[in-house]
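Participant: I'd like to ask some things about the structure below.
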Amino acid sequence: TRFDVLVNPGAVPSVNEGQMKRLLAAVPPLDEQVSITAFLDRETAKIDGLIAKQEQLIATLREDRRAQLINLVAHGCDASRPLKPCGLGWVSEVPVHWTVLNIRRVATMKTGHTPSRSVAHYWENTTIPWFTLADVWQLRDGLRTYLGETSDRISDLGLANSAAELLPEGTVVLSRTASVGFSGIMPKPMATIQDFWNWVCGPQLLP
């Protein structure tokens with residue numbers, strides 16, 4: 001029976017007693033019911049087994065992807081180059097010709113903000129892309145490099161009367177609350193809320 005067809009819509013979907021009593025059911029002979037059940041058990045078991053194998057493969061590929069990323073970011077493309085201790089914590093050595101320094105020497109950290117909601121005209125004529133928690137889903141899978149369109153926008157007046165800034169194209173957005181640690185790159189000038197750290201990269205650092 002398709003209960004999704006019968007269900008009463010609402011905040012808590014339901015089926016009442018009267019509806020249950022009026023339900024029609026197809027009842028084949030008992031031996032045919034047994035055959036149908038046995039067939040379904042066999043076929044769904046096969047499908048469940050295939051799903052489990054695919055999920056294991058996906059998990060293995062994700063772990064391999066993570067290991068490759070860490071290795072390349074830590075050691076570069078040439079595995080033959082000599083290494084030196086670096087003290088980074090997440091990796092013990094980097095190539096000897098690399099520089100280890102505080103990121104603030106090669107990028108400027110900015111934060112975001114929300115203009116006052118109590119001032120209505122801050123929220124009129126909104127044209128500036130504004131990256132908020134409603135957009136954080138874009139960062140979660142780790143597969144997207146550049147941010148897409150934002151769900152919300154703010155106005156020039158709202159921006160001018162808040163601590164938010166219009167950040168340049170190429171700014172790296174790093175989530176610091178919900179989905180902490182995920183990042184993306186602004187494909188055009190944008191602002192963000194205060195739940196993100198934003199890094200404006202200098203000439204020595206590729207976003």
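By convention here, the chains of the structure tokens are called A, B, ... in the order presented, each chain's residues are numbered starting at 1, and ligands are numbered starting at 1 in the order presented.
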With a distance cut-off of 10 Å and only C-alpha atoms, select the neighbouring residues of Thr177 of chain A, excluding the residue or stretch itself and same-chain residues fewer than 5 positions from it, and output the selection as number ranges by chain.

Facilitator: A: 133, 182, 194-197

Participant: Go ahead and write the residues just picked, N, CA and C atoms, as a PDB file, in the first residue's frame.

Facilitator:
ATOM      1  N   LEU A 133      25.513  31.055   6.354  1.00  0.00           N
ATOM      2  CA  LEU A 133      25.385  29.640   6.701  1.00  0.00           C
ATOM      3  C   LEU A 133      24.423  28.904   5.771  1.00  0.00           C
ATOM      4  N   PHE A 182      36.046  23.748   6.434  1.00  0.00           N
ATOM      5  CA  PHE A 182      35.859  23.636   4.988  1.00  0.00           C
ATOM      6  C   PHE A 182      36.113  24.992   4.328  1.00  0.00           C
ATOM      7  N   GLN A 194      29.799  36.579   9.966  1.00  0.00           N
ATOM      8  CA  GLN A 194      30.896  36.431  10.928  1.00  0.00           C
ATOM      9  C   GLN A 194      31.291  34.978  11.199  1.00  0.00           C
ATOM     10  N   ASP A 195      30.606  34.008  10.584  1.00  0.00           N
ATOM     11  CA  ASP A 195      30.928  32.594  10.789  1.00  0.00           C
ATOM     12  C   ASP A 195      32.070  32.115   9.899  1.00  0.00           C
ATOM     13  N   PHE A 196      32.681  33.029   9.169  1.00  0.00           N
ATOM     14  CA  PHE A 196      33.783  32.655   8.276  1.00  0.00           C
ATOM     15  C   PHE A 196      35.007  33.542   8.522  1.00  0.00           C
ATOM     16  N   TRP A 197      36.198  32.909   8.464  1.00  0.00           N
ATOM     17  CA  TRP A 197      37.437  33.661   8.330  1.00  0.00           C
ATOM     18  C   TRP A 197      37.709  33.769   6.839  1.00  0.00           C
TER      19      TRP A 197
END

Participant: With a distance cut-off of 10 Å and only C-alpha atoms, select the neighbouring residues of His97 of chain A, excluding the residue or stretch itself and same-chain residues fewer than 4 positions from it, and output the selection as a VMD selection string.

Facilitator: chain A and resid 81 to 84

Participant: Given the selection you just returned, output its residues as a file containing all heavy atoms, formatted as a PDB file, in the first residue's frame.

Facilitator:
ATOM      1  N   ARG A  81      63.150  15.112  -3.680  1.00  0.00           N
ATOM      2  CA  ARG A  81      63.776  16.259  -3.024  1.00  0.00           C
ATOM      3  C   ARG A  81      63.978  15.993  -1.538  1.00  0.00           C
ATOM      4  O   ARG A  81      63.127  15.391  -0.892  1.00  0.00           O
ATOM      5  CB  ARG A  81      62.918  17.505  -3.219  1.00  0.00           C
ATOM      6  CG  ARG A  81      63.019  18.076  -4.632  1.00  0.00           C
ATOM      7  CD  ARG A  81      62.097  19.246  -4.830  1.00  0.00           C
ATOM      8  NE  ARG A  81      62.391  19.936  -6.078  1.00  0.00           N
ATOM      9  CZ  ARG A  81      61.609  20.872  -6.616  1.00  0.00           C
ATOM     10  NH1 ARG A  81      60.494  21.219  -5.997  1.00  0.00           N
ATOM     11  NH2 ARG A  81      61.941  21.466  -7.743  1.00  0.00           N
ATOM     12  N   PRO A  82      65.113  16.434  -0.973  1.00  0.00           N
ATOM     13  CA  PRO A  82      65.361  16.223   0.464  1.00  0.00           C
ATOM     14  C   PRO A  82      64.384  17.024   1.319  1.00  0.00           C
ATOM     15  O   PRO A  82      63.879  18.075   0.906  1.00  0.00           O
ATOM     16  CB  PRO A  82      66.801  16.717   0.647  1.00  0.00           C
ATOM     17  CG  PRO A  82      67.034  17.651  -0.496  1.00  0.00           C
ATOM     18  CD  PRO A  82      66.224  17.130  -1.641  1.00  0.00           C
ATOM     19  N   LEU A  83      64.129  16.507   2.531  1.00  0.00           N
ATOM     20  CA  LEU A  83      63.157  17.110   3.427  1.00  0.00           C
ATOM     21  C   LEU A  83      63.852  17.685   4.661  1.00  0.00           C
ATOM     22  O   LEU A  83      64.987  17.343   4.970  1.00  0.00           O
ATOM     23  CB  LEU A  83      62.121  16.070   3.847  1.00  0.00           C
ATOM     24  CG  LEU A  83      61.353  15.358   2.734  1.00  0.00           C
ATOM     25  CD1 LEU A  83      60.447  14.278   3.319  1.00  0.00           C
ATOM     26  CD2 LEU A  83      60.553  16.339   1.891  1.00  0.00           C
ATOM     27  N   LYS A  84      63.139  18.546   5.365  1.00  0.00           N
ATOM     28  CA  LYS A  84      63.633  19.122   6.621  1.00  0.00           C
ATOM     29  C   LYS A  84      62.491  19.139   7.633  1.00  0.00           C
ATOM     30  O   LYS A  84      61.314  19.194   7.251  1.00  0.00           O
ATOM     31  CB  LYS A  84      64.138  20.547   6.393  1.00  0.00           C
ATOM     32  CG  LYS A  84      63.032  21.531   6.008  1.00  0.00           C
ATOM     33  CD  LYS A  84      63.568  22.946   5.826  1.00  0.00           C
ATOM     34  CE  LYS A  84      62.437  23.903   5.410  1.00  0.00           C
ATOM     35  NZ  LYS A  84      62.914  25.286   5.186  1.00  0.00           N
TER      36      LYS A  84
END

Participant: Could you work out how far atom CA of Pro189 of chain A lies from atom CA of His113 of chain A, giving the answer in Å with one decimal?

Facilitator: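 Here the two named atoms are 15.3 Å from each other.
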
Participant: Quick one: residues within 12 Å of Arg104 of chain A, only C-alpha atoms counted, chain neighbours fewer than 5 positions away excluded, as a PDB file with C-alpha atoms, in the first residue's frame?

Facilitator:
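The result, written out as selection22.pdb:
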ATOM      1  CA  MET A 109      42.783  37.713   7.539  1.00  0.00           C
ATOM      2  CA  LYS A 110      39.336  39.308   7.402  1.00  0.00           C
ATOM      3  CA  ASN A 198      38.423  35.157   4.998  1.00  0.00           C
ATOM      4  CA  TRP A 199      41.993  35.174   3.712  1.00  0.00           C
ATOM      5  CA  VAL A 200      43.036  37.716   1.080  1.00  0.00           C
ATOM      6  CA  CYS A 201      46.159  36.168  -0.402  1.00  0.00           C
ATOM      7  CA  GLY A 202      49.243  38.231  -1.170  1.00  0.00           C
ATOM      8  CA  GLN A 204      53.409  34.878  -2.705  1.00  0.00           C
ATOM      9  CA  LEU A 205      50.334  32.720  -2.074  1.00  0.00           C
TER      10      LEU A 205
END

Participant: Running DSSP on the backbone, which parts of segment 14-70 of chain A land in alpha helix (DSSP H), as number ranges by chain?

Facilitator: A: 17-21, 30-70
